[in-house]
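To start, the structure under review is shown below, and the notes come after it.
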Amino acid sequence: SWQQQLESSFLFEDTPDQRTATIDVKKDMEGGRPMDRLLVGDVGYGKTEIAVRAAFKAVQSERQVAVLVPTTILADQHARTFGERLADFPIRVSMLSRFQTPKEQEVVLEALRLGNVDIVIGTHRLLSPDVSFKRLGLIVVDEEHRFGVKHKERLKQLRLELDVLTLTATPIPRTLHMSLAGLRDMTLMQTPPRDRSPVLTYVEPWDDGLLDEGITRELDRGGQVFFVHNRIETIDAMADHVKRIAPRARVEIAHGQLRERDLEGVMHRFVVGAVDVLVSTMIVESGLDVPNANTMFVNRADYFGLAQLYQLRGRVGRSHRRAYCYLIVPDQIDDDAERRLRVLEHHTELGAGYRIALKDMELRGAGNLLGPEQSGFVQTVGFDLYLRMLDETVRNVTQGEGGPKLIPAEVSTDAPALLPDDYVPSHEAKLDVYRRLSRVTDSAEVIALREELRDRFGPPPPAVDAMLAVARLRILGGRLSIESVLVRANEARVNFRDVAAPRMKGLSAAFHEVQFQAEVRRAHPLSLKLMRLGGVSILDGLVRALSTLVPS
């Protein structure tokens, strides 16, 4: 009843995706194995609310919760959010970050050890060796792309039976592929908040006139501006330049080397509207929620990664106002940076984070499944082959390497075997079917694909039936140790591998059943010449005959 009370006190109506995510997370937490769920949703799509509900459920089961965030600013904001949402319940929420004095930190650490704190929200400080819990049950990792593999593994070492909920807008390639490969569970949150409009994104060279126009337009409508300059040594000079361009704007600086109280003060003044332009480093990348700030300039955007730029852009456009993001780059940048910026400029629609993450994985590679690398390697072999190799390795690990490897037969035919343009006009749909056919390992999958094609495009023409028959022959031939099948008009040549030991009696009976005459051309390895005497086509007859020989 308390969980229902908490959920009904949410100020906004749950989106369909939020309801699905809530059900998924609760089911995982109640299941027999530890949860490892990735929650993918854009900024403002309600991921934090799902984390609050999961934490509440864990605390009700007498477990402690650790919420790991990348920055002190985000830790401060989450501490306020959790505190407000759980204010009506007897739950103790604490924060652990460098904003606190050593004495304040020691008080929190002692309370964690004794079990007097239910939920702790902290930065990397939570991963320090002196942090211990009485009964930790759930870890929430926010902005997952900001943590390395070692950070996440350190968390899991705390307790092997921990539930882990990971929140992100743009998962790193390694994490995304683990989810797509079925090694981690994933829930997508793609329903946008009401009245949210896409952020207009421009890639532009440096121009004082552009800065003046952008800042003036935002100030004239009573808004605020982010100016991201990720070099602490030159940030003061950049702030002075911005003041000269927009003399009536109140400009302040924020970066990680400021004293804790000074940084906290600047952020507070910006949030309450006492600062017009915040010149900052990447410290504002995660979690800062200022609905009144709807223009952003990112200086030297070519130095940033896709996920970083997407997160930065998410700081604006958090209200009903039209938002603008200017990515400022020099005239000459390298090809990789150019591709990243074009992806971001192209994907401005709401909820684009997941598609950007997929593009990032395609550009950088899916990383190392068992090692620390979170991207890379793919360019050596190509994305499609890399995924196949990784899938095969995962299958070997999960199913064991003792079984025989299926090597498909090579099949060649003089009959047209393809998807004609007048049957499947879309190039994307064709590519999808060809890709799926190249990966099937079971004859039943080909039959199911034929039914799907019939349902989507109508009865398959002869060229499509021939293509599907060739796919089935490759699989059946692999199961029977056939090396190659050559089909010409009404004749076929079937060559077995050296290791094959087929029984001629069974072969003869199977081919006789479909009205084929079989003639032995070589005894070892066995090679047969087949002639069609009547009945079904040569391809269909081969499929039927070989299907009866494959053990079920």
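If you're wondering about the labels, chains in the structure tokens are A, B, ... by order shown, residues count from 1 in each chain, ligands from 1 in order shown.
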
In region 299-356 of chain A, DSSP strand (DSSP E) residues written as a VMD selection string: chain A and resid 299 323 to 328

Name all residues at most 6 Å from region 32-39 of chain A (count only C-alpha atoms; drop same-chain ones fewer than 2 positions away) and give them as a PDB file with N, CA, C and O atoms, in the first residue's frame.
```
ATOM      1  N   ASP A  28      11.938  -7.779 -11.838  1.00  0.00           N
ATOM      2  CA  ASP A  28      13.353  -8.165 -11.678  1.00  0.00           C
ATOM      3  C   ASP A  28      13.734  -8.280 -10.207  1.00  0.00           C
ATOM      4  O   ASP A  28      14.429  -9.214  -9.800  1.00  0.00           O
ATOM      5  N   GLU A 161      25.147 -10.687  -4.875  1.00  0.00           N
ATOM      6  CA  GLU A 161      23.715 -10.837  -5.113  1.00  0.00           C
ATOM      7  C   GLU A 161      22.985  -9.499  -5.209  1.00  0.00           C
ATOM      8  O   GLU A 161      21.785  -9.406  -4.970  1.00  0.00           O
ATOM      9  N   LEU A 162      23.709  -8.433  -5.541  1.00  0.00           N
ATOM     10  CA  LEU A 162      23.096  -7.102  -5.620  1.00  0.00           C
ATOM     11  C   LEU A 162      22.230  -6.947  -6.864  1.00  0.00           C
ATOM     12  O   LEU A 162      22.550  -7.478  -7.932  1.00  0.00           O
ATOM     13  N   ASP A 163      21.138  -6.187  -6.720  1.00  0.00           N
ATOM     14  CA  ASP A 163      20.384  -5.719  -7.883  1.00  0.00           C
ATOM     15  C   ASP A 163      21.058  -4.455  -8.401  1.00  0.00           C
ATOM     16  O   ASP A 163      21.467  -3.596  -7.625  1.00  0.00           O
ATOM     17  N   VAL A 164      21.172  -4.337  -9.741  1.00  0.00           N
ATOM     18  CA  VAL A 164      21.787  -3.147 -10.350  1.00  0.00           C
ATOM     19  C   VAL A 164      20.817  -2.560 -11.368  1.00  0.00           C
ATOM     20  O   VAL A 164      20.360  -3.253 -12.280  1.00  0.00           O
ATOM     21  N   LEU A 165      20.494  -1.281 -11.213  1.00  0.00           N
ATOM     22  CA  LEU A 165      19.660  -0.553 -12.166  1.00  0.00           C
ATOM     23  C   LEU A 165      20.501   0.571 -12.754  1.00  0.00           C
ATOM     24  O   LEU A 165      20.999   1.427 -12.024  1.00  0.00           O
ATOM     25  N   THR A 166      20.675   0.548 -14.067  1.00  0.00           N
ATOM     26  CA  THR A 166      21.526   1.524 -14.743  1.00  0.00           C
ATOM     27  C   THR A 166      20.669   2.478 -15.559  1.00  0.00           C
ATOM     28  O   THR A 166      19.838   2.035 -16.357  1.00  0.00           O
ATOM     29  N   LEU A 167      20.858   3.783 -15.348  1.00  0.00           N
ATOM     30  CA  LEU A 167      20.083   4.800 -16.069  1.00  0.00           C
ATOM     31  C   LEU A 167      20.988   5.538 -17.043  1.00  0.00           C
ATOM     32  O   LEU A 167      22.091   5.939 -16.685  1.00  0.00           O
ATOM     33  N   ASP A 185      19.295  -7.042 -19.411  1.00  0.00           N
ATOM     34  CA  ASP A 185      17.925  -6.653 -19.754  1.00  0.00           C
ATOM     35  C   ASP A 185      17.886  -5.158 -20.049  1.00  0.00           C
ATOM     36  O   ASP A 185      18.640  -4.390 -19.465  1.00  0.00           O
ATOM     37  N   MET A 186      16.988  -4.763 -20.946  1.00  0.00           N
ATOM     38  CA  MET A 186      16.920  -3.352 -21.310  1.00  0.00           C
ATOM     39  C   MET A 186      15.465  -2.915 -21.428  1.00  0.00           C
ATOM     40  O   MET A 186      14.631  -3.646 -21.960  1.00  0.00           O
ATOM     41  N   THR A 187      15.156  -1.731 -20.900  1.00  0.00           N
ATOM     42  CA  THR A 187      13.839  -1.113 -21.077  1.00  0.00           C
ATOM     43  C   THR A 187      14.046   0.245 -21.740  1.00  0.00           C
ATOM     44  O   THR A 187      14.852   1.047 -21.276  1.00  0.00           O
TER      45      THR A 187
END
```

So that I can see what lies close to region 510-523 of chain A, please list as a CSV table (one decimal) with N, CA and C atoms, in the first residue's frame the residues with an atom at most 10 Å from it, counting only C-alpha atoms and leaving out residues fewer than 2 positions away in the same chain.
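Contents of result-v2.csv, as written:
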```csv
chain,number,residue,atom,x,y,z
A,490,ASN,N,17.4,-29.7,-64.4
A,490,ASN,CA,16.8,-30.8,-63.7
A,490,ASN,C,17.8,-31.8,-63.1
A,491,GLU,N,19.0,-31.4,-62.9
A,491,GLU,CA,20.0,-32.2,-62.4
A,491,GLU,C,20.7,-31.6,-61.2
A,492,ALA,N,21.3,-32.4,-60.3
A,492,ALA,CA,22.0,-31.8,-59.1
A,492,ALA,C,23.2,-32.7,-58.8
A,493,ARG,N,24.3,-32.1,-58.3
A,493,ARG,CA,25.5,-32.8,-57.8
A,493,ARG,C,25.6,-32.5,-56.3
A,494,VAL,N,25.7,-33.6,-55.5
A,494,VAL,CA,25.8,-33.4,-54.1
A,494,VAL,C,27.1,-34.0,-53.6
A,495,ASN,N,28.0,-33.2,-53.0
A,495,ASN,CA,29.3,-33.7,-52.6
A,495,ASN,C,29.4,-33.7,-51.1
A,496,PHE,N,29.7,-34.8,-50.5
A,496,PHE,CA,29.9,-34.9,-49.0
A,496,PHE,C,31.3,-34.6,-48.6
A,504,MET,N,23.9,-45.3,-47.7
A,504,MET,CA,23.4,-45.3,-49.1
A,504,MET,C,21.9,-45.7,-49.1
A,505,LYS,N,21.6,-46.7,-48.3
A,505,LYS,CA,20.2,-47.2,-48.3
A,505,LYS,C,19.2,-46.1,-47.9
A,506,GLY,N,19.6,-45.3,-46.9
A,506,GLY,CA,18.7,-44.2,-46.5
A,506,GLY,C,18.6,-43.2,-47.5
A,507,LEU,N,19.8,-42.8,-48.1
A,507,LEU,CA,19.8,-41.8,-49.2
A,507,LEU,C,19.0,-42.2,-50.4
A,508,SER,N,19.1,-43.5,-50.8
A,508,SER,CA,18.4,-43.9,-52.0
A,508,SER,C,16.9,-43.9,-51.8
A,525,PRO,N,35.4,-39.1,-50.7
A,525,PRO,CA,34.2,-38.7,-50.1
A,525,PRO,C,33.0,-38.9,-51.1
A,526,LEU,N,31.9,-39.3,-50.6
A,526,LEU,CA,30.7,-39.6,-51.5
A,526,LEU,C,30.3,-38.4,-52.3
A,527,SER,N,30.1,-38.7,-53.6
A,527,SER,CA,29.6,-37.7,-54.5
A,527,SER,C,28.4,-38.3,-55.3
A,528,LEU,N,27.3,-37.7,-55.3
A,528,LEU,CA,26.1,-38.2,-56.0
A,528,LEU,C,25.7,-37.3,-57.2
A,529,LYS,N,25.2,-37.9,-58.3
A,529,LYS,CA,24.5,-37.2,-59.3
A,529,LYS,C,23.1,-37.5,-59.2
A,530,LEU,N,22.2,-36.5,-59.2
A,530,LEU,CA,20.8,-36.7,-59.1
A,530,LEU,C,20.1,-36.2,-60.3
A,531,MET,N,19.1,-37.0,-60.8
A,531,MET,CA,18.3,-36.5,-62.0
A,531,MET,C,16.8,-36.6,-61.6
A,532,ARG,N,16.1,-35.5,-61.9
A,532,ARG,CA,14.7,-35.4,-61.6
A,532,ARG,C,13.9,-36.2,-62.7
A,533,LEU,N,13.0,-37.1,-62.2
A,533,LEU,CA,12.2,-37.9,-63.2
A,533,LEU,C,10.8,-37.4,-63.3
A,534,GLY,N,10.4,-36.6,-62.3
A,534,GLY,CA,9.0,-36.1,-62.3
A,534,GLY,C,8.7,-35.4,-61.0
A,535,GLY,N,7.5,-35.1,-60.7
A,535,GLY,CA,7.1,-34.6,-59.4
A,535,GLY,C,7.5,-33.1,-59.2
A,536,VAL,N,8.0,-32.8,-58.0
A,536,VAL,CA,8.4,-31.5,-57.6
A,536,VAL,C,9.7,-31.0,-58.3
A,537,SER,N,9.9,-29.7,-58.1
A,537,SER,CA,11.1,-29.1,-58.7
A,537,SER,C,12.4,-29.7,-58.1
A,538,ILE,N,13.5,-29.5,-58.7
A,538,ILE,CA,14.8,-30.1,-58.2
A,538,ILE,C,15.1,-29.5,-56.8
A,540,ASP,N,13.0,-28.1,-54.5
A,540,ASP,CA,12.1,-28.5,-53.5
A,540,ASP,C,12.3,-30.0,-53.2
A,541,GLY,N,12.6,-30.8,-54.2
A,541,GLY,CA,12.8,-32.2,-54.0
A,541,GLY,C,14.0,-32.5,-53.1
A,542,LEU,N,15.1,-31.7,-53.3
A,542,LEU,CA,16.3,-31.8,-52.5
A,542,LEU,C,16.0,-31.5,-51.0
A,543,VAL,N,15.2,-30.4,-50.8
A,543,VAL,CA,14.9,-30.0,-49.5
A,543,VAL,C,14.1,-31.0,-48.8
A,544,ARG,N,13.1,-31.6,-49.5
A,544,ARG,CA,12.2,-32.6,-48.9
A,544,ARG,C,13.0,-33.9,-48.5
A,545,ALA,N,13.9,-34.3,-49.5
A,545,ALA,CA,14.6,-35.5,-49.2
A,545,ALA,C,15.6,-35.4,-48.1
A,546,LEU,N,16.3,-34.2,-48.1
A,546,LEU,CA,17.3,-34.0,-47.0
A,546,LEU,C,16.7,-33.8,-45.6
A,547,SER,N,15.4,-33.2,-45.6
A,547,SER,CA,14.7,-33.0,-44.4
A,547,SER,C,14.4,-34.3,-43.7
A,548,THR,N,14.1,-35.4,-44.5
A,548,THR,CA,13.8,-36.7,-43.9
A,548,THR,C,15.0,-37.4,-43.3
A,549,LEU,N,16.2,-37.0,-43.7
A,549,LEU,CA,17.5,-37.6,-43.3
A,549,LEU,C,18.1,-36.9,-42.0
```

Point-to-point distance from CA of Gly122 (chain A) to CA of Pro70 (chain A), Å rounded to tenths: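 Going from CA of Gly122 (chain A) over to CA of Pro70 (chain A), I get 8.3 Å.
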